[in-house]
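Q: Input: one structure, supplied below.
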Amino acid sequence: QVQLVESGGGLVQAGGSLRLSCAATGRTFSNYDMGWFRQAPGKECEFVAAHSWRGDFRYYAEYADFVKGRFTISRDNAKNTVYLQMNSLKPEDTAVYYCARRTTGRGTARSYSDYDYWGQGTQVTVSS
C-alpha cells in the first residue's frame with residue numbers, strides 16, 4: 001500500500017515562498033512519476049507540475065504555464081520525497097495542493113485521472 005503525505009502548506013503574503021514536501025512509502029519511489037495538482041474552492045483540480053522518470057535516474061520536469069519560472073519540482077530518492085518550491089506566490093495560488101503518483105508510461109503527466117495514488121492535500125493561502 002502506497003501512502004503519500006504532504007506537508008509545508010500555510011499562510012504567506014503575496015511575493016513570499018513556501019516549500020511543499022510529499023513523503024511516499026514504498027521501495028521503488030525512484031522510478032515512478034510524481035505530480036503536484038491543486039484545487040481552489042469552486043474550481044476543478046488543475047495540474048501544477050510533474051517530475052517524470054526517464055530511466056537511469058534521469059527525470060523530466062514540466063510545469064503548468066501559470067507557474068513557470070516561479071515553482072520548481074524536485075525529488076530526493078533517498079528520502080522518498082518530492083518537493084514543490086513555490087516562489088513569488090500570488091493570491092491566485094491559494095488552493096489545496098495535492099501530490100500524486102503515476103505509473104511511468106500511463107497516460108499523461110498533466111491528467112489527474114492518470115495518477116493512481118494521492119495524498120491528503122495541504123492548504124496554501126496567499127494573502128494580498
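Quick note on naming: the chains in the C-alpha cells go A, B, ... in the order shown, residues restart at 1 in each chain, and ligands are numbered from 1 in order of appearance.
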Can you tell me which residues surround A:Trp118 at a distance of at most 12 Å, considering only C-alpha atoms, apart from same-chain residues fewer than 5 positions away, and format the answer as a ChimeraX atom specification?

A: /A:1-6,22-25,34-38,97-102,112-113

Q: Step one, run DSSP on the backbone; step two, keep only residues of chain A assigned to helix (DSSP H, G or I); then write them as a ChimeraX atom specification.

A: /A:29-31,65-67,77-79,91-93,112-114

Q: Restrict the selected residues to all heavy atoms and save them as a tab-separated table (two decimals), in the first residue's frame.

A:
chain	number	residue	atom	x	y	z
A	29	PHE	N	10.24	4.17	-5.22
A	29	PHE	CA	9.86	5.56	-5.44
A	29	PHE	C	10.59	6.15	-6.64
A	29	PHE	O	10.01	6.91	-7.41
A	29	PHE	CB	10.17	6.35	-4.17
A	29	PHE	CG	10.01	7.83	-4.30
A	29	PHE	CD1	8.75	8.40	-4.21
A	29	PHE	CD2	11.10	8.66	-4.50
A	29	PHE	CE1	8.58	9.77	-4.31
A	29	PHE	CE2	10.95	10.02	-4.60
A	29	PHE	CZ	9.69	10.59	-4.50
A	30	SER	N	11.86	5.79	-6.82
A	30	SER	CA	12.70	6.47	-7.80
A	30	SER	C	12.21	6.32	-9.23
A	30	SER	O	12.47	7.19	-10.07
A	30	SER	CB	14.14	5.97	-7.68
A	30	SER	OG	14.20	4.58	-7.97
A	31	ASN	N	11.50	5.23	-9.55
A	31	ASN	CA	11.12	5.05	-10.95
A	31	ASN	C	9.63	5.24	-11.18
A	31	ASN	O	9.06	4.66	-12.11
A	31	ASN	CB	11.59	3.70	-11.48
A	31	ASN	CG	11.05	2.53	-10.67
A	31	ASN	OD1	10.47	2.72	-9.62
A	31	ASN	ND2	11.26	1.33	-11.17
A	65	ASP	N	1.69	26.50	-17.30
A	65	ASP	CA	2.17	27.81	-17.73
A	65	ASP	C	2.10	28.84	-16.60
A	65	ASP	O	2.97	29.71	-16.50
A	65	ASP	CB	1.36	28.30	-18.93
A	65	ASP	CG	1.72	27.53	-20.20
A	65	ASP	OD1	2.78	26.87	-20.22
A	65	ASP	OD2	0.94	27.61	-21.16
A	66	PHE	N	1.08	28.74	-15.77
A	66	PHE	CA	0.88	29.78	-14.75
A	66	PHE	C	1.89	29.70	-13.60
A	66	PHE	O	1.92	30.58	-12.75
A	66	PHE	CB	-0.55	29.77	-14.22
A	66	PHE	CG	-1.03	28.45	-13.70
A	66	PHE	CD1	-0.64	27.98	-12.45
A	66	PHE	CD2	-1.87	27.66	-14.47
A	66	PHE	CE1	-1.08	26.77	-11.98
A	66	PHE	CE2	-2.32	26.43	-14.00
A	66	PHE	CZ	-1.92	25.98	-12.76
A	67	VAL	N	2.73	28.65	-13.57
A	67	VAL	CA	3.75	28.57	-12.51
A	67	VAL	C	5.17	28.56	-13.05
A	67	VAL	O	6.13	28.56	-12.27
A	67	VAL	CB	3.54	27.34	-11.60
A	67	VAL	CG1	2.17	27.37	-10.97
A	67	VAL	CG2	3.80	26.04	-12.35
A	77	ASN	N	15.38	10.87	-3.81
A	77	ASN	CA	15.03	9.46	-3.78
A	77	ASN	C	15.46	8.78	-2.48
A	77	ASN	O	14.83	7.83	-2.03
A	77	ASN	CB	15.64	8.73	-4.98
A	77	ASN	CG	14.96	9.11	-6.27
A	77	ASN	OD1	13.76	9.41	-6.30
A	77	ASN	ND2	15.71	9.11	-7.36
A	78	ALA	N	16.54	9.26	-1.88
A	78	ALA	CA	16.99	8.67	-0.62
A	78	ALA	C	15.97	8.88	0.48
A	78	ALA	O	15.89	8.10	1.43
A	78	ALA	CB	18.33	9.26	-0.22
A	79	LYS	N	15.18	9.95	0.37
A	79	LYS	CA	14.17	10.26	1.37
A	79	LYS	C	12.76	9.93	0.89
A	79	LYS	O	11.78	10.22	1.59
A	79	LYS	CB	14.24	11.74	1.75
A	79	LYS	CG	15.54	12.14	2.42
A	79	LYS	CD	15.53	13.61	2.79
A	79	LYS	CE	16.83	14.00	3.49
A	79	LYS	NZ	16.86	15.44	3.87
A	91	PRO	N	-1.95	35.68	-4.78
A	91	PRO	CA	-3.22	35.28	-4.15
A	91	PRO	C	-3.95	34.19	-4.94
A	91	PRO	O	-4.60	33.32	-4.34
A	91	PRO	CB	-4.01	36.59	-4.12
A	91	PRO	CG	-2.97	37.63	-4.01
A	91	PRO	CD	-1.83	37.13	-4.87
A	92	GLU	N	-3.82	34.21	-6.26
A	92	GLU	CA	-4.50	33.20	-7.07
A	92	GLU	C	-3.86	31.81	-6.96
A	92	GLU	O	-4.39	30.84	-7.51
A	92	GLU	CB	-4.56	33.63	-8.55
A	92	GLU	CG	-3.24	34.06	-9.14
A	92	GLU	CD	-3.04	35.56	-9.10
A	92	GLU	OE1	-3.35	36.19	-8.06
A	92	GLU	OE2	-2.56	36.12	-10.12
A	93	ASP	N	-2.73	31.71	-6.26
A	93	ASP	CA	-2.14	30.40	-5.99
A	93	ASP	C	-2.80	29.71	-4.78
A	93	ASP	O	-2.48	28.57	-4.48
A	93	ASP	CB	-0.64	30.52	-5.72
A	93	ASP	CG	0.14	30.96	-6.94
A	93	ASP	OD1	-0.16	30.46	-8.05
A	93	ASP	OD2	1.05	31.80	-6.79
A	112	TYR	N	-4.99	14.38	-14.22
A	112	TYR	CA	-5.10	13.85	-12.87
A	112	TYR	C	-5.68	12.44	-12.86
A	112	TYR	O	-5.40	11.66	-11.94
A	112	TYR	CB	-5.93	14.79	-11.98
A	112	TYR	CG	-7.39	14.89	-12.33
A	112	TYR	CD1	-8.31	13.94	-11.87
A	112	TYR	CD2	-7.86	15.94	-13.10
A	112	TYR	CE1	-9.65	14.04	-12.18
A	112	TYR	CE2	-9.20	16.04	-13.41
A	112	TYR	CZ	-10.09	15.09	-12.95
A	112	TYR	OH	-11.43	15.20	-13.26
A	113	SER	N	-6.46	12.09	-13.85
A	113	SER	CA	-7.08	10.76	-13.87
A	113	SER	C	-6.06	9.65	-14.13
A	113	SER	O	-6.37	8.48	-13.95
A	113	SER	CB	-8.19	10.71	-14.91
A	113	SER	OG	-7.66	10.93	-16.20
A	114	ASP	N	-4.86	10.01	-14.56
A	114	ASP	CA	-3.84	9.00	-14.83
A	114	ASP	C	-2.95	8.72	-13.63
A	114	ASP	O	-2.02	7.92	-13.72
A	114	ASP	CB	-2.98	9.44	-16.01
A	114	ASP	CG	-3.74	9.40	-17.32
A	114	ASP	OD1	-4.63	8.53	-17.46
A	114	ASP	OD2	-3.47	10.24	-18.20

Q: Would you compute the distance between atom CA of A:Pro41 and atom CA of A:Thr81? Give it in Å to one decimal.

A: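 Result for atom CA of A:Pro41 versus atom CA of A:Thr81: 26.9 Å, one decimal.
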
Q: Could you check which of A:Arg106, A:Thr125, A:Gly42, A:Phe57 is closest to A:Arg75, using only C-alpha atoms?

A: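 Ranked by minimum distance to A:Arg75, first place goes to A:Phe57.
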
Q: DSSP on the backbone: what in chain A comes out strand (DSSP E or B), as an MDAnalysis selection string?

A: chainID A and resid 4:7 10:13 18:24 33:39 46:53 59:63 71:76 81:86 95:102 117:118 122:127

Q: In Å, with one decimal, what is the gap from atom CA of A:Gly107 to atom CA of A:Ile73?

A: 19.8 Å

Q: Using only C-alpha atoms, which residues sit within 7 Å of A:Leu84 once same-chain residues fewer than 6 positions away are excluded, as a PyMOL selection string?

A: chain A and resi 19-21+71-74

Q: Would you put the residues from that selection into a file with N, CA and C atoms, as an mmCIF file, in the first residue's frame?

A:
data_model
loop_
_atom_site.group_PDB
_atom_site.id
_atom_site.type_symbol
_atom_site.label_atom_id
_atom_site.label_comp_id
_atom_site.auth_asym_id
_atom_site.auth_seq_id
_atom_site.Cartn_x
_atom_site.Cartn_y
_atom_site.Cartn_z
ATOM 1 N N ARG A 19 7.757 25.862 0.610
ATOM 2 C CA ARG A 19 8.210 24.608 0.010
ATOM 3 C C ARG A 19 7.330 23.479 0.527
ATOM 4 N N LEU A 20 6.643 22.861 -0.387
ATOM 5 C CA LEU A 20 5.814 21.708 -0.060
ATOM 6 C C LEU A 20 6.640 20.431 -0.177
ATOM 7 N N SER A 21 6.355 19.500 0.708
ATOM 8 C CA SER A 21 7.006 18.198 0.674
ATOM 9 C C SER A 21 5.947 17.116 0.575
ATOM 10 N N PHE A 71 7.725 28.191 -9.735
ATOM 11 C CA PHE A 71 7.712 26.933 -8.983
ATOM 12 C C PHE A 71 8.769 25.992 -9.544
ATOM 13 N N THR A 72 9.323 25.153 -8.652
ATOM 14 C CA THR A 72 10.290 24.141 -9.067
ATOM 15 C C THR A 72 9.956 22.825 -8.384
ATOM 16 N N ILE A 73 9.843 21.775 -9.178
ATOM 17 C CA ILE A 73 9.608 20.443 -8.638
ATOM 18 C C ILE A 73 10.933 19.688 -8.611
ATOM 19 N N SER A 74 11.134 18.923 -7.553
ATOM 20 C CA SER A 74 12.358 18.135 -7.426
ATOM 21 C C SER A 74 12.073 16.937 -6.540
#

Q: Between A:Val126, A:Asp116, A:Val96, A:Ser111, which residue has the minimum interatomic distance to A:Ala40, considering only C-alpha atoms?

A: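 Of the candidates, the smallest distance to A:Ala40 is held by A:Val96.
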